[in-house]
Amino acid sequence: MTENASSDPVLAGFRASIDNIDAALIHILAERFRITKAVGAYKAENNLPASDPGREDRQIARLRALAEAAQLDPEFSEKFLRFIIQEVIRHHEQAQARP
């Protein structure tokens with residue numbers, strides 16, 4: 001038997017909470033990328049490398065520890081952060097390639 005979420009107030013409440021969290025995540029990521037865009041422009045203006053492997057490693061270690069403390073799978077958090085870092089580096093490289 002299929003449950004209709006619209007008639008199940010408990011499931012609808014859970015889904016509304018998930019929708020709110022997803023919206024917050026999008027806004028937080030947008031703000032993060034606004035800041036990293038400024039970092040990329042600064043690096044390009046000052047002939048700094050697009051990536052900083054030491055900082056990236058420190059961030060991954062720090063966020064893995066935060067994930068563990070928050071009872072979130074640290075492997076998942078690392079994959080997620082590495083994806084974000086790769087995208088930021090791509091943006092920084094694009095900023096450096098602009099005339």
# chains A, B, ... in the order shown; residues from 1 in each chain; ligands from 1

$ residues_around --residues "Glu93 (chain A)" --least-positions-apart "6" --cutoff "9 Å" --atoms "only C-alpha atoms" --output "mmCIF file with N, CA, C and O atoms, in the first residue's frame"
data_model
loop_
_atom_site.group_PDB
_atom_site.id
_atom_site.type_symbol
_atom_site.label_atom_id
_atom_site.label_comp_id
_atom_site.auth_asym_id
_atom_site.auth_seq_id
_atom_site.Cartn_x
_atom_site.Cartn_y
_atom_site.Cartn_z
ATOM 1 N N GLY A 40 39.572 34.335 -5.363
ATOM 2 C CA GLY A 40 40.123 34.036 -6.682
ATOM 3 C C GLY A 40 40.582 35.292 -7.405
ATOM 4 O O GLY A 40 41.648 35.310 -8.030
ATOM 5 N N ALA A 44 44.415 36.165 -8.421
ATOM 6 C CA ALA A 44 44.759 36.490 -9.804
ATOM 7 C C ALA A 44 45.494 37.827 -9.875
ATOM 8 O O ALA A 44 46.508 37.942 -10.570
ATOM 9 N N PRO A 49 49.037 31.266 -6.557
ATOM 10 C CA PRO A 49 48.517 30.031 -7.158
ATOM 11 C C PRO A 49 47.030 29.833 -6.859
ATOM 12 O O PRO A 49 46.527 30.262 -5.818
ATOM 13 N N ALA A 50 46.354 29.171 -7.795
ATOM 14 C CA ALA A 50 44.914 28.934 -7.652
ATOM 15 C C ALA A 50 44.597 28.025 -6.473
ATOM 16 O O ALA A 50 43.549 28.159 -5.846
ATOM 17 N N SER A 51 45.496 27.110 -6.182
ATOM 18 C CA SER A 51 45.231 26.183 -5.074
ATOM 19 C C SER A 51 46.293 26.337 -3.989
ATOM 20 O O SER A 51 47.391 26.831 -4.237
#

$ residues_around --residues "region 26-36 of chain A" --least-positions-apart "4" --cutoff "10 Å" --atoms "only C-alpha atoms" --output "PDB file with all heavy atoms, in the first residue's frame"
ATOM      1  N   ILE A  21      16.030  22.931   5.225  1.00  0.00           N
ATOM      2  CA  ILE A  21      17.473  22.702   5.353  1.00  0.00           C
ATOM      3  C   ILE A  21      18.140  22.769   3.987  1.00  0.00           C
ATOM      4  O   ILE A  21      19.207  23.379   3.832  1.00  0.00           O
ATOM      5  CB  ILE A  21      17.753  21.355   6.056  1.00  0.00           C
ATOM      6  CG1 ILE A  21      17.283  21.432   7.513  1.00  0.00           C
ATOM      7  CG2 ILE A  21      19.235  20.986   5.965  1.00  0.00           C
ATOM      8  CD1 ILE A  21      17.193  20.085   8.213  1.00  0.00           C
ATOM      9  N   ASP A  22      17.515  22.161   2.977  1.00  0.00           N
ATOM     10  CA  ASP A  22      18.073  22.220   1.621  1.00  0.00           C
ATOM     11  C   ASP A  22      18.186  23.670   1.143  1.00  0.00           C
ATOM     12  O   ASP A  22      19.200  24.055   0.548  1.00  0.00           O
ATOM     13  CB  ASP A  22      17.220  21.421   0.639  1.00  0.00           C
ATOM     14  CG  ASP A  22      17.356  19.917   0.826  1.00  0.00           C
ATOM     15  OD1 ASP A  22      18.295  19.467   1.521  1.00  0.00           O
ATOM     16  OD2 ASP A  22      16.503  19.187   0.273  1.00  0.00           O
ATOM     17  N   GLY A  40      39.572  34.335  -5.363  1.00  0.00           N
ATOM     18  CA  GLY A  40      40.123  34.036  -6.682  1.00  0.00           C
ATOM     19  C   GLY A  40      40.582  35.292  -7.405  1.00  0.00           C
ATOM     20  O   GLY A  40      41.648  35.310  -8.030  1.00  0.00           O
ATOM     21  N   ALA A  41      39.787  36.361  -7.320  1.00  0.00           N
ATOM     22  CA  ALA A  41      40.170  37.634  -7.949  1.00  0.00           C
ATOM     23  C   ALA A  41      41.431  38.181  -7.291  1.00  0.00           C
ATOM     24  O   ALA A  41      42.346  38.658  -7.979  1.00  0.00           O
ATOM     25  CB  ALA A  41      39.020  38.633  -7.846  1.00  0.00           C
ATOM     26  N   TYR A  42      41.490  38.100  -5.972  1.00  0.00           N
ATOM     27  CA  TYR A  42      42.677  38.578  -5.242  1.00  0.00           C
ATOM     28  C   TYR A  42      43.915  37.786  -5.655  1.00  0.00           C
ATOM     29  O   TYR A  42      44.978  38.351  -5.903  1.00  0.00           O
ATOM     30  CB  TYR A  42      42.437  38.476  -3.736  1.00  0.00           C
ATOM     31  CG  TYR A  42      43.621  38.924  -2.925  1.00  0.00           C
ATOM     32  CD1 TYR A  42      43.819  40.275  -2.647  1.00  0.00           C
ATOM     33  CD2 TYR A  42      44.549  38.007  -2.444  1.00  0.00           C
ATOM     34  CE1 TYR A  42      44.919  40.695  -1.906  1.00  0.00           C
ATOM     35  CE2 TYR A  42      45.649  38.414  -1.712  1.00  0.00           C
ATOM     36  CZ  TYR A  42      45.829  39.764  -1.445  1.00  0.00           C
ATOM     37  OH  TYR A  42      46.919  40.180  -0.727  1.00  0.00           O
ATOM     38  N   ILE A  84      33.733  20.612  -3.406  1.00  0.00           N
ATOM     39  CA  ILE A  84      33.656  22.072  -3.320  1.00  0.00           C
ATOM     40  C   ILE A  84      35.024  22.689  -3.614  1.00  0.00           C
ATOM     41  O   ILE A  84      35.133  23.655  -4.374  1.00  0.00           O
ATOM     42  CB  ILE A  84      33.133  22.513  -1.939  1.00  0.00           C
ATOM     43  CG1 ILE A  84      31.660  22.129  -1.787  1.00  0.00           C
ATOM     44  CG2 ILE A  84      33.318  24.016  -1.729  1.00  0.00           C
ATOM     45  CD1 ILE A  84      31.108  22.320  -0.404  1.00  0.00           C
ATOM     46  N   ILE A  85      36.073  22.128  -3.030  1.00  0.00           N
ATOM     47  CA  ILE A  85      37.425  22.649  -3.252  1.00  0.00           C
ATOM     48  C   ILE A  85      37.793  22.586  -4.731  1.00  0.00           C
ATOM     49  O   ILE A  85      38.337  23.545  -5.287  1.00  0.00           O
ATOM     50  CB  ILE A  85      38.460  21.892  -2.389  1.00  0.00           C
ATOM     51  CG1 ILE A  85      38.282  22.253  -0.909  1.00  0.00           C
ATOM     52  CG2 ILE A  85      39.889  22.184  -2.844  1.00  0.00           C
ATOM     53  CD1 ILE A  85      39.081  21.379   0.047  1.00  0.00           C
ATOM     54  N   GLU A  87      35.834  22.706  -7.270  1.00  0.00           N
ATOM     55  CA  GLU A  87      35.073  23.740  -7.978  1.00  0.00           C
ATOM     56  C   GLU A  87      35.663  25.123  -7.720  1.00  0.00           C
ATOM     57  O   GLU A  87      35.770  25.943  -8.628  1.00  0.00           O
ATOM     58  CB  GLU A  87      33.600  23.680  -7.549  1.00  0.00           C
ATOM     59  CG  GLU A  87      32.688  24.534  -8.372  1.00  0.00           C
ATOM     60  CD  GLU A  87      32.565  24.099  -9.828  1.00  0.00           C
ATOM     61  OE1 GLU A  87      33.000  22.994 -10.202  1.00  0.00           O
ATOM     62  OE2 GLU A  87      32.020  24.896 -10.613  1.00  0.00           O
ATOM     63  N   VAL A  88      36.067  25.390  -6.498  1.00  0.00           N
ATOM     64  CA  VAL A  88      36.694  26.678  -6.166  1.00  0.00           C
ATOM     65  C   VAL A  88      37.992  26.849  -6.951  1.00  0.00           C
ATOM     66  O   VAL A  88      38.242  27.916  -7.532  1.00  0.00           O
ATOM     67  CB  VAL A  88      36.941  26.785  -4.645  1.00  0.00           C
ATOM     68  CG1 VAL A  88      37.857  27.959  -4.310  1.00  0.00           C
ATOM     69  CG2 VAL A  88      35.621  26.915  -3.899  1.00  0.00           C
ATOM     70  N   ILE A  89      38.813  25.809  -6.988  1.00  0.00           N
ATOM     71  CA  ILE A  89      40.072  25.887  -7.733  1.00  0.00           C
ATOM     72  C   ILE A  89      39.790  26.148  -9.213  1.00  0.00           C
ATOM     73  O   ILE A  89      40.455  26.967  -9.850  1.00  0.00           O
ATOM     74  CB  ILE A  89      40.914  24.611  -7.532  1.00  0.00           C
ATOM     75  CG1 ILE A  89      41.423  24.541  -6.090  1.00  0.00           C
ATOM     76  CG2 ILE A  89      42.078  24.557  -8.520  1.00  0.00           C
ATOM     77  CD1 ILE A  89      42.040  23.208  -5.711  1.00  0.00           C
ATOM     78  N   HIS A  91      37.288  27.771 -10.457  1.00  0.00           N
ATOM     79  CA  HIS A  91      36.928  29.185 -10.558  1.00  0.00           C
ATOM     80  C   HIS A  91      38.170  30.069 -10.458  1.00  0.00           C
ATOM     81  O   HIS A  91      38.293  31.069 -11.178  1.00  0.00           O
ATOM     82  CB  HIS A  91      35.938  29.574  -9.458  1.00  0.00           C
ATOM     83  CG  HIS A  91      34.601  28.957  -9.624  1.00  0.00           C
ATOM     84  ND1 HIS A  91      33.586  29.143  -8.705  1.00  0.00           N
ATOM     85  CD2 HIS A  91      34.057  28.165 -10.581  1.00  0.00           C
ATOM     86  CE1 HIS A  91      32.513  28.481  -9.096  1.00  0.00           C
ATOM     87  NE2 HIS A  91      32.781  27.881 -10.234  1.00  0.00           N
ATOM     88  N   HIS A  92      39.083  29.720  -9.562  1.00  0.00           N
ATOM     89  CA  HIS A  92      40.313  30.503  -9.404  1.00  0.00           C
ATOM     90  C   HIS A  92      41.160  30.437 -10.675  1.00  0.00           C
ATOM     91  O   HIS A  92      41.743  31.449 -11.098  1.00  0.00           O
ATOM     92  CB  HIS A  92      41.120  30.033  -8.204  1.00  0.00           C
ATOM     93  CG  HIS A  92      40.468  30.351  -6.885  1.00  0.00           C
ATOM     94  ND1 HIS A  92      41.070  30.048  -5.697  1.00  0.00           N
ATOM     95  CD2 HIS A  92      39.286  30.935  -6.566  1.00  0.00           C
ATOM     96  CE1 HIS A  92      40.294  30.433  -4.694  1.00  0.00           C
ATOM     97  NE2 HIS A  92      39.199  30.971  -5.224  1.00  0.00           N
TER      98      HIS A  92
END

$ select_by_dssp --residues "region 3-94 of chain A" --states "alpha helix (DSSP H)" --output "ChimeraX atom specification"
/A:9-45,53-69,74-94

$ closest_residue --among "A:Phe14, A:Ala38, A:Ser77, A:Pro99" --to "Gln59 (chain A)" --atoms "only C-alpha atoms"
A:Ser77

$ closest_residue --among "A:Leu63, A:Ile18, A:Ala12, A:Ala23" --to "Arg82 (chain A)" --atoms "only C-alpha atoms"
A:Leu63

$ decode --residues "region 23-73 of chain A" --atoms "N, CA and C atoms" --output "JSON list (two decimals), in the first residue's frame"
[["chain", "number", "residue", "atom", "x", "y", "z"],
["A", 23, "ALA", "N", 17.18, 24.48, 1.41],
["A", 23, "ALA", "CA", 17.22, 25.89, 1.02],
["A", 23, "ALA", "C", 18.36, 26.61, 1.74],
["A", 24, "ALA", "N", 18.53, 26.33, 3.02],
["A", 24, "ALA", "CA", 19.61, 26.95, 3.79],
["A", 24, "ALA", "C", 20.97, 26.53, 3.23],
["A", 25, "LEU", "N", 21.13, 25.26, 2.87],
["A", 25, "LEU", "CA", 22.38, 24.79, 2.29],
["A", 25, "LEU", "C", 22.71, 25.54, 1.00],
["A", 26, "ILE", "N", 21.73, 25.75, 0.16],
["A", 26, "ILE", "CA", 21.94, 26.48, -1.10],
["A", 26, "ILE", "C", 22.39, 27.90, -0.81],
["A", 27, "HIS", "N", 21.75, 28.56, 0.13],
["A", 27, "HIS", "CA", 22.13, 29.94, 0.47],
["A", 27, "HIS", "C", 23.53, 30.00, 1.09],
["A", 28, "ILE", "N", 23.87, 29.04, 1.92],
["A", 28, "ILE", "CA", 25.20, 28.99, 2.52],
["A", 28, "ILE", "C", 26.26, 28.74, 1.44],
["A", 29, "LEU", "N", 25.98, 27.82, 0.53],
["A", 29, "LEU", "CA", 26.94, 27.56, -0.56],
["A", 29, "LEU", "C", 27.10, 28.79, -1.44],
["A", 30, "ALA", "N", 26.00, 29.48, -1.73],
["A", 30, "ALA", "CA", 26.08, 30.69, -2.55],
["A", 30, "ALA", "C", 26.97, 31.74, -1.87],
["A", 31, "GLU", "N", 26.81, 31.90, -0.57],
["A", 31, "GLU", "CA", 27.64, 32.87, 0.17],
["A", 31, "GLU", "C", 29.11, 32.43, 0.17],
["A", 32, "ARG", "N", 29.34, 31.14, 0.35],
["A", 32, "ARG", "CA", 30.71, 30.63, 0.33],
["A", 32, "ARG", "C", 31.36, 30.92, -1.02],
["A", 33, "PHE", "N", 30.63, 30.68, -2.10],
["A", 33, "PHE", "CA", 31.19, 30.91, -3.43],
["A", 33, "PHE", "C", 31.36, 32.39, -3.74],
["A", 34, "ARG", "N", 30.54, 33.25, -3.17],
["A", 34, "ARG", "CA", 30.76, 34.70, -3.33],
["A", 34, "ARG", "C", 32.11, 35.08, -2.71],
["A", 35, "ILE", "N", 32.40, 34.53, -1.55],
["A", 35, "ILE", "CA", 33.66, 34.83, -0.88],
["A", 35, "ILE", "C", 34.84, 34.22, -1.63],
["A", 36, "THR", "N", 34.71, 32.97, -2.05],
["A", 36, "THR", "CA", 35.83, 32.34, -2.77],
["A", 36, "THR", "C", 36.05, 33.00, -4.13],
["A", 37, "LYS", "N", 35.02, 33.58, -4.71],
["A", 37, "LYS", "CA", 35.20, 34.34, -5.96],
["A", 37, "LYS", "C", 36.09, 35.55, -5.70],
["A", 38, "ALA", "N", 35.87, 36.22, -4.58],
["A", 38, "ALA", "CA", 36.71, 37.36, -4.21],
["A", 38, "ALA", "C", 38.14, 36.90, -3.95],
["A", 39, "VAL", "N", 38.30, 35.75, -3.32],
["A", 39, "VAL", "CA", 39.64, 35.18, -3.09],
["A", 39, "VAL", "C", 40.32, 34.91, -4.43],
["A", 40, "GLY", "N", 39.57, 34.33, -5.36],
["A", 40, "GLY", "CA", 40.12, 34.04, -6.68],
["A", 40, "GLY", "C", 40.58, 35.29, -7.41],
["A", 41, "ALA", "N", 39.79, 36.36, -7.32],
["A", 41, "ALA", "CA", 40.17, 37.63, -7.95],
["A", 41, "ALA", "C", 41.43, 38.18, -7.29],
["A", 42, "TYR", "N", 41.49, 38.10, -5.97],
["A", 42, "TYR", "CA", 42.68, 38.58, -5.24],
["A", 42, "TYR", "C", 43.91, 37.79, -5.65],
["A", 43, "LYS", "N", 43.77, 36.47, -5.70],
["A", 43, "LYS", "CA", 44.90, 35.63, -6.10],
["A", 43, "LYS", "C", 45.35, 35.97, -7.51],
["A", 44, "ALA", "N", 44.42, 36.16, -8.42],
["A", 44, "ALA", "CA", 44.76, 36.49, -9.80],
["A", 44, "ALA", "C", 45.49, 37.83, -9.87],
["A", 45, "GLU", "N", 45.01, 38.82, -9.14],
["A", 45, "GLU", "CA", 45.64, 40.15, -9.14],
["A", 45, "GLU", "C", 47.05, 40.12, -8.56],
["A", 46, "ASN", "N", 47.28, 39.19, -7.65],
["A", 46, "ASN", "CA", 48.57, 39.14, -6.94],
["A", 46, "ASN", "C", 49.44, 37.97, -7.38],
["A", 47, "ASN", "N", 49.07, 37.35, -8.50],
["A", 47, "ASN", "CA", 49.84, 36.24, -9.06],
["A", 47, "ASN", "C", 50.09, 35.12, -8.05],
["A", 48, "LEU", "N", 49.07, 34.80, -7.28],
["A", 48, "LEU", "CA", 49.15, 33.70, -6.32],
["A", 48, "LEU", "C", 48.58, 32.44, -6.97],
["A", 49, "PRO", "N", 49.04, 31.27, -6.56],
["A", 49, "PRO", "CA", 48.52, 30.03, -7.16],
["A", 49, "PRO", "C", 47.03, 29.83, -6.86],
["A", 50, "ALA", "N", 46.35, 29.17, -7.79],
["A", 50, "ALA", "CA", 44.91, 28.93, -7.65],
["A", 50, "ALA", "C", 44.60, 28.03, -6.47],
["A", 51, "SER", "N", 45.50, 27.11, -6.18],
["A", 51, "SER", "CA", 45.23, 26.18, -5.07],
["A", 51, "SER", "C", 46.29, 26.34, -3.99],
["A", 52, "ASP", "N", 45.91, 25.90, -2.80],
["A", 52, "ASP", "CA", 46.81, 25.92, -1.65],
["A", 52, "ASP", "C", 46.67, 24.56, -0.96],
["A", 53, "PRO", "N", 47.42, 23.57, -1.43],
["A", 53, "PRO", "CA", 47.25, 22.20, -0.91],
["A", 53, "PRO", "C", 47.38, 22.09, 0.61],
["A", 54, "GLY", "N", 48.25, 22.87, 1.23],
["A", 54, "GLY", "CA", 48.39, 22.81, 2.68],
["A", 54, "GLY", "C", 47.12, 23.24, 3.38],
["A", 55, "ARG", "N", 46.55, 24.36, 2.94],
["A", 55, "ARG", "CA", 45.29, 24.82, 3.53],
["A", 55, "ARG", "C", 44.17, 23.82, 3.27],
["A", 56, "GLU", "N", 44.13, 23.29, 2.06],
["A", 56, "GLU", "CA", 43.09, 22.31, 1.73],
["A", 56, "GLU", "C", 43.17, 21.10, 2.66],
["A", 57, "ASP", "N", 44.38, 20.60, 2.89],
["A", 57, "ASP", "CA", 44.55, 19.45, 3.79],
["A", 57, "ASP", "C", 44.12, 19.80, 5.22],
["A", 58, "ARG", "N", 44.49, 21.01, 5.67],
["A", 58, "ARG", "CA", 44.09, 21.41, 7.03],
["A", 58, "ARG", "C", 42.57, 21.53, 7.13],
["A", 59, "GLN", "N", 41.94, 22.09, 6.11],
["A", 59, "GLN", "CA", 40.48, 22.23, 6.11],
["A", 59, "GLN", "C", 39.80, 20.86, 6.14],
["A", 60, "ILE", "N", 40.30, 19.95, 5.34],
["A", 60, "ILE", "CA", 39.70, 18.61, 5.30],
["A", 60, "ILE", "C", 39.83, 17.94, 6.66],
["A", 61, "ALA", "N", 41.00, 18.03, 7.28],
["A", 61, "ALA", "CA", 41.19, 17.44, 8.60],
["A", 61, "ALA", "C", 40.27, 18.09, 9.63],
["A", 62, "ARG", "N", 40.16, 19.42, 9.58],
["A", 62, "ARG", "CA", 39.30, 20.14, 10.53],
["A", 62, "ARG", "C", 37.84, 19.75, 10.34],
["A", 63, "LEU", "N", 37.39, 19.67, 9.09],
["A", 63, "LEU", "CA", 35.99, 19.36, 8.85],
["A", 63, "LEU", "C", 35.67, 17.89, 9.07],
["A", 64, "ARG", "N", 36.65, 17.02, 8.88],
["A", 64, "ARG", "CA", 36.43, 15.61, 9.25],
["A", 64, "ARG", "C", 36.20, 15.50, 10.76],
["A", 65, "ALA", "N", 36.99, 16.24, 11.54],
["A", 65, "ALA", "CA", 36.82, 16.22, 12.99],
["A", 65, "ALA", "C", 35.46, 16.79, 13.38],
["A", 66, "LEU", "N", 35.06, 17.88, 12.73],
["A", 66, "LEU", "CA", 33.72, 18.44, 12.99],
["A", 66, "LEU", "C", 32.63, 17.45, 12.63],
["A", 67, "ALA", "N", 32.80, 16.76, 11.52],
["A", 67, "ALA", "CA", 31.81, 15.77, 11.10],
["A", 67, "ALA", "C", 31.68, 14.66, 12.13],
["A", 68, "GLU", "N", 32.82, 14.18, 12.60],
["A", 68, "GLU", "CA", 32.79, 13.12, 13.62],
["A", 68, "GLU", "C", 32.08, 13.60, 14.88],
["A", 69, "ALA", "N", 32.37, 14.83, 15.29],
["A", 69, "ALA", "CA", 31.72, 15.38, 16.49],
["A", 69, "ALA", "C", 30.22, 15.54, 16.28],
["A", 70, "ALA", "N", 29.82, 15.81, 15.03],
["A", 70, "ALA", "CA", 28.41, 16.00, 14.72],
["A", 70, "ALA", "C", 27.72, 14.68, 14.35],
["A", 71, "GLN", "N", 28.45, 13.58, 14.44],
["A", 71, "GLN", "CA", 27.95, 12.26, 14.10],
["A", 71, "GLN", "C", 27.53, 12.17, 12.63],
["A", 72, "LEU", "N", 28.33, 12.82, 11.77],
["A", 72, "LEU", "CA", 28.17, 12.75, 10.33],
["A", 72, "LEU", "C", 29.34, 11.94, 9.79],
["A", 73, "ASP", "N", 29.09, 11.10, 8.83],
["A", 73, "ASP", "CA", 30.13, 10.26, 8.25],
["A", 73, "ASP", "C", 31.28, 11.14, 7.74]]
